[in-house]
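Colleague: Quick one: the structure is below, questions incoming.
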Amino acid sequence: MKKVQTGQVIEFYSNSCRVKTNFGEFTCLAIKNVVVGDFVELEIIQDSKKFLGKILKINQRFSSLSKKNKDKKKLFAANITHVGILITPKPKTSSEFIDKWILKTKLSDIEAFIINNKNDLGSDKEYQNKIKIYKSLNIKIINTSAKYDENLEELSNYIKNKSVLFVGNSGAGKSTLTSKIVGKDLKTSTLSNDQGVHTTSISSLYELPNGIKIIDSPGMRDIQIMEYDKEQIIYGFEEILKSSKGCKYNDCNHINNKGCNVKKALLNGVISKSRYNNFIKFRDLE
């Protein structure tokens, strides 16, 4: 067994993490800024007849997700290719929640798709129109019912060879969906750090057949977007960005300026009212 190996962080706790390598899994003392999903270089050391790992460096990430805690930006997952946004008719998911995550993924070089969960409950016209808005933006939408195992095969096929994070509001069924895809009850499973069934990791990565990697990060629900500059917000709204290029003035505020092509597109139904309202709200957030 090589003394220095490359591995991926698959579990992360408050002061330690677990790294999977080609030679097995090793418990390591967490170093600053390491998060689940990170590829790391680690040195294997033997302590009391047990092999442990010492992380030497974090390899370059191709993507990362962070959240703002007070005034500090904190990473919580790395090397994700896709984020699955769970939406439900009951409790009804707001367009604001969806647009926040679309914005965050766009600015993090990650692709978003929508999981329309609890399909068994039915939905009203308002909810159906909401789904149509995102379908018109060419965002992949998969209809599921995690509770009744409906369409989970389509979801599993879509996330082949992808590293995915599922996000959803409380009651959206994220834990149920993740448990069904992973094949074990994540609420009661014993974690590999031998701390018992009552210990909850901050984040875990589950590697499945067909190249599927699922990162489960408990508590990832609503997010703040105050970390972004005003000028960045429009990049989470591709249809608004496209229309803005036809505005008469480069510094158009897209609210009351003459010659605004965004307002024209809004009136013509090219841009949805909910998306426009969220864009203005996010951009002008103080």
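The chains in the structure tokens are called A, B, ... from first to last as shown; in each chain the residues are counted from 1, and the ligands are counted from 1 in the order shown.
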Tell me, which residues of segment 37-271 of chain A carry DSSP strand (DSSP E), written as a PyMOL selection string?
Modeller: chain A and resi 39-47+50-58+64-69+72-78+82-87+111-116+141-143+163-167+203-208+212-216
Colleague: Please produce an output containing C-alpha atoms for each residue in the selection, written as a short mmCIF file (atom, residue, chain, number, x, y, z; two decimals), in the first residue's frame.
Modeller:
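The resulting file, result27.cif, is shown below:
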```cif
data_model
loop_
_atom_site.label_atom_id
_atom_site.label_comp_id
_atom_site.auth_asym_id
_atom_site.auth_seq_id
_atom_site.Cartn_x
_atom_site.Cartn_y
_atom_site.Cartn_z
CA PHE A 39 -10.26 15.03 -3.84
CA VAL A 40 -7.26 15.07 -1.51
CA GLU A 41 -3.72 13.80 -1.16
CA LEU A 42 -3.28 11.91 2.11
CA GLU A 43 -0.48 10.19 3.97
CA ILE A 44 -1.32 6.82 5.55
CA ILE A 45 -0.06 6.49 9.13
CA GLN A 46 -0.45 3.64 11.64
CA ASP A 47 -1.72 4.50 15.11
CA LYS A 50 -5.13 1.16 13.11
CA PHE A 51 -4.44 2.91 9.81
CA LEU A 52 -5.35 6.60 9.74
CA GLY A 53 -4.92 9.28 7.13
CA LYS A 54 -3.29 12.67 7.28
CA ILE A 55 -4.50 15.07 4.57
CA LEU A 56 -1.57 16.79 2.90
CA LYS A 57 -3.39 18.92 0.32
CA ILE A 58 -6.75 19.53 -1.33
CA SER A 64 -17.94 24.09 -5.27
CA LEU A 65 -21.00 25.26 -3.35
CA SER A 66 -20.95 27.63 -0.42
CA LYS A 67 -23.34 29.32 1.95
CA LYS A 68 -22.96 32.55 3.82
CA ASN A 69 -22.98 32.24 7.61
CA LYS A 72 -18.37 34.45 6.43
CA LYS A 73 -18.58 32.39 3.24
CA LYS A 74 -18.47 28.69 4.10
CA LEU A 75 -17.98 25.87 1.60
CA PHE A 76 -20.18 22.79 2.12
CA ALA A 77 -19.62 20.58 -0.95
CA ALA A 78 -17.19 20.25 -3.85
CA HIS A 82 -25.64 18.72 -10.94
CA VAL A 83 -28.10 20.01 -8.34
CA GLY A 84 -31.56 18.45 -8.24
CA ILE A 85 -34.09 21.01 -6.99
CA LEU A 86 -37.03 19.22 -5.34
CA ILE A 87 -40.33 21.00 -5.80
CA GLU A 111 -26.19 22.36 -13.91
CA ALA A 112 -29.59 22.51 -12.22
CA PHE A 113 -32.51 20.21 -12.91
CA ILE A 114 -35.94 20.00 -11.28
CA ILE A 115 -37.48 16.99 -9.52
CA ASN A 116 -41.23 17.46 -9.36
CA ILE A 141 -37.82 18.23 -15.22
CA ILE A 142 -38.41 14.74 -13.83
CA ASN A 143 -41.79 13.89 -12.26
CA SER A 163 -22.20 13.90 -8.94
CA VAL A 164 -25.48 15.21 -7.56
CA LEU A 165 -26.76 17.22 -4.62
CA PHE A 166 -30.50 17.20 -3.89
CA VAL A 167 -32.01 20.34 -2.31
CA SER A 203 -22.36 15.71 4.87
CA SER A 204 -21.94 12.33 3.21
CA LEU A 205 -21.15 11.14 -0.31
CA TYR A 206 -22.69 7.88 -1.55
CA GLU A 207 -21.09 6.17 -4.55
CA LEU A 208 -23.50 3.94 -6.50
CA ILE A 212 -23.61 7.89 -9.65
CA LYS A 213 -22.41 9.98 -6.72
CA ILE A 214 -24.95 11.56 -4.38
CA ILE A 215 -23.96 14.11 -1.77
CA ASP A 216 -26.36 14.32 1.15
#
```
Colleague: May I have the residues within 6 Å of Gly246 of chain A as a ChimeraX atom specification, using only C-alpha atoms and disregarding those fewer than 2 positions away in the same chain?
Modeller: /A:243-244,261
Colleague: Rank A:Ile202, A:Leu107, A:Val4, A:Leu266 by their smallest atom-to-atom distance to Glu239 of chain A, using only C-alpha atoms, and report the top residue only.
Modeller: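 That would be A:Leu266, the residue with the smallest distance to Glu239 of chain A.
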Colleague: Select, from A:Lys130, A:Lys125, A:Lys248, A:Lys180, the residue with the minimum atom-to-atom distance to Ser95 of chain A, counting only C-alpha atoms.
Modeller: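 Closest to Ser95 of chain A of all the choices is A:Lys130.
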Colleague: Looking at only C-alpha atoms, which of A:Cys260, A:Asp185, A:Arg283, A:Arg275 is the one that sits closest to Lys230 of chain A?
Modeller: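 Ranked by minimum distance to Lys230 of chain A, first place goes to A:Arg283.
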Colleague: When you draw a straight line from atom CA of Ser136 of chain A to atom CA of Thr93 of chain A, how long is it in Å?
Modeller: 18.2 Å
